[in-house]
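Q: Can you read through this structure? Questions will come right after.
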Amino acid sequence: MADPAPAGPAGGRARTRQAASGLRELLNRPLTSYYLVLGCSMLLLALGLLMVLSASSIEAIQETGTPFYWFLKQSISAAIGVPIMWVCSRLPPRFFRLAGYPLMMLSILGLLMVLFVGTSQLGAQRWIDIGPFYLQPSEPAKLGLVLWGADLLARKARRGMIEWRNLLIPLLPGTVILALLVMLGSDLGTTIVLLLIFLALLWVVGVPVRLFAGVMGVAALATGIMIAVEPYRLERIFGFLDPEQNAQGSGYQAMQGRIAMGSGGWFGLGLGSSRQKWAWVPHAESDFIFSIIGEELGLMGTLVVVALFGLLGYAGLRIAVRAGDPFVRLASAAAVAWIVGQAIVNIGAVIGLLPITGIPLPLVSYGGSALLPTLAALGMLLSFAKTEPGAAQALAARGPGPMARALSWLGLSGAVARARRPRGRDPERRARGVKGPT
């Protein structure tokens, strides 16, 4: 048993040193990144389902006769997405390298289909109608750009092709194609997220600061032009700069969101007790769900959400820093830029620090098209976390998890073991001098 710290100032300093030592020990554990990504993701997803039910219940009753309509659809998406996340967490990094190119091509094809057979809602053509569901191809395009761009730059870095022309081509044209197709569907918010992914890839690969600043300047100029050519985007900027003067027009959503945030106080009105969701805050279950969190759970609830995204970003960057594979480093950093960057843009718009762009809060807002690629990306981060020093041994010592035990009960454990077996020759066969695949 450790000796108690002495009383007085010396005791306080000793306790501080002990706490710092314990924190360092915790952070140095091989599975810290893994559990941070898994824990933050599941907590945000659970909170999101709860808040979608609360925020959408009134409008769902008015339009469908049941308060659970959008909650059930989001639950179905989560029920599909969590197994996808688990499967991705079991896949090797090589799979994600190979998946980048077909996913990029499918994303471009989907965005082209939106322009010809897409469904227009609220003045934007972003969705493909598939029976009871709507598919938004711009969401998987984010994951496609992460994987394709990371593999592209990793290959160039391995070959020593670090000249700016080699780094920008074909990454820049590929990003521009995606951004233009997304913008043709009037989706400025997703275009900004694609630019964040692009800039994160360039920063991590080590692009010179002057070139990076130049690319940022061009991106800012292009964003300004896209805002200027659309009157409704200019109105949003005016509503952002002076929402009080446009409280019944372009500043209406911003003002109602602020009223919701301010009504919550420190600890909120209580779960389900929001007044602003009664047809006051537009898109309360999606773009402005953070305002309903502030109203029902208060400042403490919003700080918990911000802290969870902060921990998620820390875990993703920790994976990138500790990775030995350039692809893992690039893909991890780009995924963090996408998920955390999108959260910052959404939260900033709700609290009035940024203009409203119409992008959802990852894992929390309603929308299956956004949820599934996000969970796949988080599963990828879990897979990368297993490549950290000592992580594989720690997982093996932990024993099978609940999903593995469930598969064992279903008689599928052998199939999973064969799928997880590394490619190449069997060590026992290699020892006997026998060649060929396992």
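Order determines the names: the first chain of the structure tokens is A, the second B, and so forth; residues in each chain are numbered 1 upward, and ligands are numbered 1 upward as they are shown.
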Do a neighbour search on Ser54 in chain A at 10 Å with only C-alpha atoms, toss out local chain neighbours closer than 6 positions, and write the hits as a tab-separated table (two decimals) with N, CA and C atoms, in the first residue's frame.

A:
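The result, stored in out01.tsv:
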chain	number	residue	atom	x	y	z
A	48	GLY	N	-26.78	10.58	-29.78
A	48	GLY	CA	-27.45	11.00	-31.01
A	48	GLY	C	-28.80	10.35	-31.19
A	67	PRO	N	-44.44	9.48	-33.10
A	67	PRO	CA	-43.24	10.26	-32.74
A	67	PRO	C	-41.94	9.53	-33.02
A	68	PHE	N	-42.02	8.25	-33.41
A	68	PHE	CA	-40.81	7.44	-33.55
A	68	PHE	C	-40.34	7.29	-35.00
A	71	PHE	N	-36.72	8.49	-35.57
A	71	PHE	CA	-35.90	7.73	-34.63
A	71	PHE	C	-35.72	6.29	-35.11
A	271	LEU	N	-34.56	16.29	-20.42
A	271	LEU	CA	-34.65	15.53	-21.66
A	271	LEU	C	-36.10	15.47	-22.14
A	272	GLY	N	-36.31	15.88	-23.39
A	272	GLY	CA	-37.64	15.88	-23.97
A	272	GLY	C	-38.44	17.14	-23.71
A	273	SER	N	-37.87	18.10	-22.96
A	273	SER	CA	-38.63	19.29	-22.55
A	273	SER	C	-38.36	20.51	-23.41
A	274	SER	N	-37.71	20.35	-24.53
A	274	SER	CA	-37.42	21.50	-25.39
A	274	SER	C	-38.71	22.16	-25.87
A	277	LYS	N	-38.21	23.00	-30.24
A	277	LYS	CA	-38.43	21.97	-31.26
A	277	LYS	C	-39.88	21.95	-31.73
A	284	ALA	N	-34.35	20.66	-36.57
A	284	ALA	CA	-33.87	20.46	-35.20
A	284	ALA	C	-33.22	19.09	-35.01
A	285	GLU	N	-33.63	18.09	-35.80
A	285	GLU	CA	-33.08	16.75	-35.64
A	285	GLU	C	-31.79	16.53	-36.43
A	289	ILE	N	-29.29	20.07	-34.22
A	289	ILE	CA	-29.55	19.22	-33.06
A	289	ILE	C	-28.73	19.66	-31.85
A	292	ILE	N	-30.73	21.84	-29.58
A	292	ILE	CA	-31.68	21.11	-28.74
A	292	ILE	C	-30.95	20.45	-27.58
A	293	ILE	N	-29.74	19.98	-27.82
A	293	ILE	CA	-28.92	19.44	-26.73
A	293	ILE	C	-28.69	20.53	-25.68
A	296	GLU	N	-32.06	21.15	-23.75
A	296	GLU	CA	-32.56	20.08	-22.88
A	296	GLU	C	-31.52	19.62	-21.86

Q: Looking at A:Leu172, A:Ala333, A:Val207, A:Ala219, which one is nearest to Leu147 in chain A, with distances taken over only C-alpha atoms?

A: A:Ala333

Q: Hey, what's within 9 Å of range 59-64 of chain A if we count only C-alpha atoms and toss same-chain stuff fewer than 6 positions away? As a PyMOL selection string, please?

A: chain A and resi 70+277-279

Q: Neighbouring residues of range 188-197 of chain A were defined as those with any atom within 6 Å, considering only C-alpha atoms; residues of the same chain fewer than 2 positions away were excluded. Please report them as a list in words.

A: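 Residues near the query, excluding close chain neighbours: Ala179, Leu199, Ala200, Ala334, Ala337, Trp338, Thr357 and Ile359 of chain A.
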